[in-house]
Structures are given as C-alpha cells and as structure tokens.
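In what follows, a single structure is set out as structure tokens and then discussed.
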Amino acid sequence: MTTNTAWAVHQIARPTGFPTAADFTYAASPVPQPQPGTALVENLLLSVDPYHRGLMDGGADGFELNAPLEGRSVGRVIASRDPGLAEGDLVFHREGWRTHALVTLGAAGTRKLRGHEGIPLEAYLSILGGTGLTAYAALTRTAALREGEDLFVSAAAGGVGTATGRIARLLGARRIIGSAGSAAKVRHLTGHLGFDAAFDYHDGPVGEQLAKAAPGGIDVYVDNVGGGHLEGALDVLREYGRIAWVGAISTYNGDRSPAAPRNLFEVVHKSLRLEGVLVRNHTNLQEELEDFLVPHLRSGGIGTDTTVVQGFDRTVEAFLGMLRGDNLGKMLVRLDG
C-alpha cells in the first residue's frame with residue numbers, strides 16, 4: 001500500500017446472520033488533501049467493536065454500502081489546515097477503518113490526545129478509550145458501585161469486560177465474578193486479571209453457575225450479553241441491586257428483539273434498577289477517567305488488555321475474529337509503518 005494511496009474498508013453487502021469476508025472489500029483512492037478547517041491524519045491504530053455489527057444491517061443510523069466504514073482510531077496529523085491541529089499531533093477520531101482521514105478538531109469526537117508520558121497508544125483505544133469509558137461510566141454513574149460490593153460481569157474477557165474488572169477492583173469491589181466463552185478465558189480472568197471467580201457459560205445455565213460462584217448474591221451486574229445472562233443475573237442479584245446494560249452480544253447475529261427474561265418481575269420483587277449505558281452520553285468523563293487510570297497504568301498496576309492484529313489488510317479478519325471471541329481484551333488493528 002503506497003504512501004500516495006489511501007485504503008478503506010467498504011461494506012458491499014448486508015450480512016445474513018454472521019458476517020463473512022465476502023461482505024467487505026478494500027478500496028483504494030488518492031490520499032485526500034486537507035481543505036480549510038480540516039487536517040489529514042495517517043491512522044496508526046484502528047478499533048473493531050461489537051457495535052459495528054448492528055450498523056451493518058443498515059437503516060437510518062446504519063452503514064451505507066460501498067462507502068468507507070467508520071470506527072474509533074488513533075492517528076498522527078501529517079498535514080493541517082485546521083488551526084487547532086498541527087503536524088505531528090496525535091488525535092483520536094471516528095473516521096477509522098481506513099489508512100487516511102480528514103478530520104476537524106471537535107467534530108465527530110475528534111480530539112488531541114493528552115499524550116501521557118509512558119502510556120502506549122493502545123491504551124487510548126482500550127482502557128482509556130471507548131471501552132474503558134463505557135466501563136467507567138457503567139460502574140461509577142449507572143450502577144454507582146460502592147466499596148465492598150460484589151459484581152458480576154458478562155463477556156468478561158472482552159474489551160469492556162476486562163476494563164470493568166480492572167476499574168471495579170480499583171473502586172474497591174469485594175468480589176468480582178466473570179463469565180466467558182472458553183476454559184482458557186476463564187483461566188485468564190482468574191489467573192491474570194484478578195477475578196475472584198469465573199465460569200464458562202457453555203458449561204450450564206448461567207444462573208446456576210453464578211449462584212455457585214456467588215452464593216451470597218451480587219450487588220451489581222454489568223451486562224454485555226443479554227439473553228440468558230440477564231435472566232441468570234436477575235435471580236442472583238440482591239435486593240436493591242443494579243444492572244448496567246452495555247450490550248447484547250447474544251443477539252447481534254440473529255433476532256434483535258429477543259423475548260424478555262422469564263423472571264423480569266424480579267426487577268419489581270427485589271426493587272432492582274436496570275439502566276442502559278451509551279458511551280456517547282458520557283464523553284464528559286474522559287479527563288476524569290484518564291486522571292483516575294493513568295497513575296495505575298504507569299505503575300503497572302493495570303494493563304491495556306489488548307489483542308493487536310498487524311496490518312490494515314487484516315481489518316476485516318480482526319473484526320470477524322472479535323465477533324467469534326478470538327480476542328482477549330480489546331481487539332485492535334495496528335497499521336503497517
């Protein structure tokens with residue numbers, strides 16, 4: 001891929017069920033030139049996320065066919081006609097899934113990175129990025145986790161799940177329990193990430209496994225899966241428990257309107273609170289998140305928890321792998337160069 005050519009991932013077909021590589025293509029075009037008020041960014045890292053799958057079905061807010069896909073990215077300014085951005089600046093923006101992008105400071109989430117010394121770029125798309133911000137908002141605002149409380153996290157070995165576990169421990173959670181999709185991921189949660197207990201959801205009903213792991217119940221559930229996980233958590237939550245509902249991976253490649261959990265009345269019976277979490281509603285917490293986590297990243301107390309795929313031409317491969325659960329932590333793509 002030459003320096004005077006820009007590449008982008010285009011979606012060329014609507015997936016039926018699980019996406020395939022044939023639903024996408026890599027398209028070339030000349031590197032764009034910045035116009036007044038814009039800057040040209042060469043991307044360094046791209047994020048592939050579960051929410052992309054929903055947008056691929058189209059609709060009012062979905063992706064257009066035969067057009068570059070958007071996504072969170074970190075890049076370096078290589079030419080600028082934006083007075084707020086200078087050549088060499090590192091920026092976060094949402095014009096990812098391409099090698100080059102035109103951005104405007106303050107538009108569509110574009111911001112200069114604070115450039116914390118000793119912090120790797122991967123952190124800005126993981127623990128300090130959208131996944132970390134989602135976890136932080138879910139714990140501190142939506143669920144209002146208190147010191148000494150017990151927490152359950154589903155899809156705990158993924159991007160938001162690992163960040164939730166890390167942040168919850170720093171906030172003083174007493175016991176942290178996670179579910180994952182393989183024995184290897186369960187071992188990773190308890191042996192590397194410091195979860196107190198974990199289980200493979202394939203091994204039996206979630207409610208039964210969770211009750212065994214938390215015989216005294218849980219206070220907070222951060223839900224990345226929905227479906228049977230939500231139903232199981234409702235049974236185990238204590239009175240006045242809180243659910244921060246982040247995502248529903250169990251529905252992403254099938255029915256988008258699953259039946260409500262059979263035990264939904266537990267919300268009333270136990271005076272539970274269930275609230276959805278959209279990270280775009282919490283961007284005001286970005287500096288607070290960084291101030292809280294950067295000292296722990298510098299000390300080695302927490303890590304970035306990423307799986308990095310090398311090469312822009314493997315972006316689709318990385319996305320499909322993320323949907324299959326091939327990653328530990330946040331799945332990222334590092335561009336060549």
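Letters A, B, ... mark the chains of the structure tokens in the order given; residue numbers begin at 1 per chain; ligand numbers begin at 1, in order shown.
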- Near Val48 of chain A, counting only C-alpha atoms, which residues have an atom at most 10 Å away, once you skip same-chain residues fewer than 4 positions from it, shown as number ranges by chain? A: 52-53, 70-73, 96-97, 125, 315-316, 318-323, 330-333
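The list of residues with at least one atom within 12 Å of Leu297 of chain A, based on only C-alpha atoms and without residues fewer than 3 positions apart in the same chain, reads A:His116, A:Glu117, A:Gly118, A:Ile119, A:Pro120, A:Glu122, A:Ala123, A:Tyr124, A:Ser126, A:Ile127, A:Leu128, A:Arg166, A:Ile167, A:Leu170, A:Leu289, A:Glu290, A:Asp291, A:Phe292, A:Leu293, A:Val294, A:Gly300, A:Gly301, A:Ile302, A:Gly303, A:Thr304, A:Asp305.
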- Item | Close residues, segment 6-16 of chain A itself excluded, 10 Å, only C-alpha atoms, min 3 positions apart in chain, as an MDAnalysis selection string | chainID A and resid 1:3 19:32 42 53 55:58 63:70 96:101 253:254 312:313 315:316
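Of the listed residues (A:Val91, A:Ala244, A:Ala184, A:Ile249), A:Ala244 comes nearest to Phe152 of chain A; the distances count only C-alpha atoms.
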- Query: Which residues come within 7 Å of Asp223 of chain A, counting only C-alpha atoms, excluding same-chain residues fewer than 6 positions away, as a list in words?
  - Reply: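 Answer for this query is Val153, Ser154, Leu230, Ala244, Trp245, Val246 and Gly247 of chain A.
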